[in-house]
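Peer 1: Before I ask anything, let me first share the structure, which is written out below as structure tokens.
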Amino acid sequence: MRLLIVPVAATVAVLTAGAPGAHAATDVSQVAEALREDPVYVAPAASDLLSSADAEALADKIKDADKPVFIAVLPADQPTRNLLLNLRTETGITGLYGVRVGDRFDAAADSSVLSEQAVDNLVTSVQNAGDPKAQLNDFVDSALRNVGGTAPASWSDGGDGASMDVGGLIAIATVLAAGGAGAYALVRHTRRRHEAQQRAALDKLRVVVDEDITAFGEELDRLDFHPAEAGADDAMRADYEGSLDAYEQAKRLMDGARKPEDVKAVTQALADGRFSLTRLAARREHRQLPERRPPCFFDPRHGTAVADETWTPPGGAAREVPVCAADRTRLAEGRDPVIREVDTEHGRRPYWDAGPAYGPWAGGYFGGGILPGLLIGTMLGSMMAAPAYAADYGAGYGYGGGYEGGDVSGADFDTGDFGGGFGGGDFGGGGFDGGGF
């Protein structure tokens, strides 16, 4: 039996060979077979929508990011009923699937890599891009920032698109004889890429956490308290020592952080320290001791929250969030709270719209139990809702598990867990006909 290696640049040529027409080339099982070998497939009858060079560049981008994102470009007459669901079933790999059919675009994903709401948002954001190349690149760029998991191992097995000749068979035999050296090299390459991504995320977090540690240190410097002052008792001294210990612990933990999830312990220490200061202030002013509360949702540097207030983010749903006294006043007066913003490639953004790396940072401040409710409807909340998020940024935020991105599940997956896009015949949104997914 003749074996073939089919990268995206050769997909059109391979599927065209011996095919009686466009319908054979766009059979879902053939599309799925191609996607198991490469992240981008362009049907021969849709080659006017995306050139081989552009498709190959798009595929390289996905492979370099090591994420399970699949793209198919099909002609306008391709049947679309249950297309995404059938494509996912035939491909058998957990991931995010985007399909361009003529001038329409839709997508769906396993919830383990991206939530349905996040998929909806991604599809909506690219619907006005009429040019296929621009649309698909915009979709992939946004998807790679949000999707969880890693690429399937099968993508690393491709070659130069030629039929496997005797020399290729000899090469395979050599690898097999080497006792799995090739497989080990592939695993090592994937691991190194994942570690590099984690280091980049940690570098982003380090800037923000260092600001938090510095702000807490300045707060301690301004504190008008001495353990030997008149009126100081053992409880006050314990609170004071607790805040100092938390400050030193946060610095030590951040110095030793090696991956994004390590940051959770740092911000948890800072939250503990600020609560110690809040309790110390109550003792000195002879007030009732406060209950343990998280820091201010809008900016943890504001200190321990004093109340829960209703807040509605732009374009989002109302939710109860813990707020400091100053932001509570602002909200009561109809003004905007003072929100913690961080640097992103798109400029300054609120931390909950800045990317997945800020999950551990927020998790340490707000804990796993309340965090999902605080972040519902935000970019960060949508990404953290995917169980595979834990593979990149740590667990403990109140979400479940399951297959991770890039895992081979075959047809054994919950169809109710595979969704997104507009479906249901909503052509106005660009979705596909026939009841969705």
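Residue numbers start at 1 in each chain; chains themselves are named A, B, ... in the order of the structure tokens; ligands are numbered from 1 in the order shown.
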Please identify every residue of range 82-120 of chain A that has at least one atom no farther than 10 Å from an atom of range 46-51 of chain A, counting only C-alpha atoms, and for each give the shortest atom pair and the distance in Å to one decimal, arranged by chain then increasing number, as JSON lines.
Peer 2:
{"residue": "A:Arg100", "atom": "CA", "partner": "A:Leu49", "partner_atom": "CA", "distance": 9.0}
{"residue": "A:Val101", "atom": "CA", "partner": "A:Ala46", "partner_atom": "CA", "distance": 8.5}
{"residue": "A:Gly102", "atom": "CA", "partner": "A:Ala46", "partner_atom": "CA", "distance": 7.5}
{"residue": "A:Asp103", "atom": "CA", "partner": "A:Leu49", "partner_atom": "CA", "distance": 8.9}
Peer 1: Give me, as a ChimeraX atom specification, the residues of range 67-102 of chain A that a backbone DSSP run labels strand (DSSP E).
Peer 2: /A:69-74,96-101
Peer 1: Write out as an MDAnalysis selection string each polymer residue whose atoms come within 9 Å of range 199-202 of chain A, counting only C-alpha atoms; drop sequence neighbours fewer than 6 positions from it.
Peer 2: chainID A and resid 257:263 356:358 393
Peer 1: So that I can check the surroundings of Leu35 in chain A, please list as a list of chain:residue names every protein, DNA and RNA residue that reaches within 8 Å of it, counting only C-alpha atoms and ignoring chain neighbours fewer than 5 positions away.
Peer 2: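 Answer for this query is A:Val40, A:Tyr41, A:Phe70, A:Ile71, A:Thr91.
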Peer 1: So, with only C-alpha atoms as the atoms that count, which of A:Arg274, A:Gln288, A:Leu96, A:Leu331 lies closest to Thr304 in chain A?
Peer 2: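 Ranking A:Arg274, A:Gln288, A:Leu96, A:Leu331 by distance to Thr304 in chain A, first place goes to A:Arg274.
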Peer 1: Which neighbours of range 306-312 of chain A fall inside 12 Å, counting only C-alpha atoms, when residues of the same chain fewer than 4 positions from it are skipped, and could you give them as a count of residues only?
Peer 2: 39
Peer 1: Between CA of Tyr247 in chain A and CA of Val338 in chain A, what is the spacing in Å?
Peer 2: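 Value for the CA of Val338 in chain A-CA of Tyr247 in chain A distance: 24.0 Å.
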Peer 1: Name the closest residue to Glu33 in chain A among the candidates A:Val69, A:Trp155, A:Leu122, A:Asp54; distances are taken between atoms, counting only C-alpha atoms.
Peer 2: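 Going through A:Val69, A:Trp155, A:Leu122, A:Asp54 one by one, the smallest distance to Glu33 in chain A is for A:Trp155.
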Peer 1: Which residues are near range 248-254 of chain A? Cut-off 9 Å, only C-alpha atoms, ignore same chain within fewer than 2 positions. Put them as a list in words.
Peer 2: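 Here the qualifying residues turn out to be Arg206, Val209, Asp210, Ile213, Ser243, Leu244, Asp245, Ala246, Gly256, Ala257, Arg258, Asp262, Val263, Ala265, Val266, Thr267, Gln268, Ala269 and Leu270 of chain A.
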Peer 1: Can you measure CA of Leu136 in chain A to CA of Leu74 in chain A for me? One decimal in Å is fine.
Peer 2: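 These atoms are spaced 12.8 Å apart.
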Peer 1: Quick one: of A:Arg88, A:Ala235, A:Arg340, A:Gly315, who's nearest to Arg279 in chain A, counting only C-alpha atoms?
Peer 2: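 Among the listed residues, A:Ala235 lies closest to Arg279 in chain A.
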Peer 1: Given the choices A:Asp66, A:Phe418, A:Pro227, A:Asp353, which gets closest to Thr94 in chain A if the distance is worked out from only C-alpha atoms?
Peer 2: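 That would be A:Phe418, the residue with the smallest distance to Thr94 in chain A.
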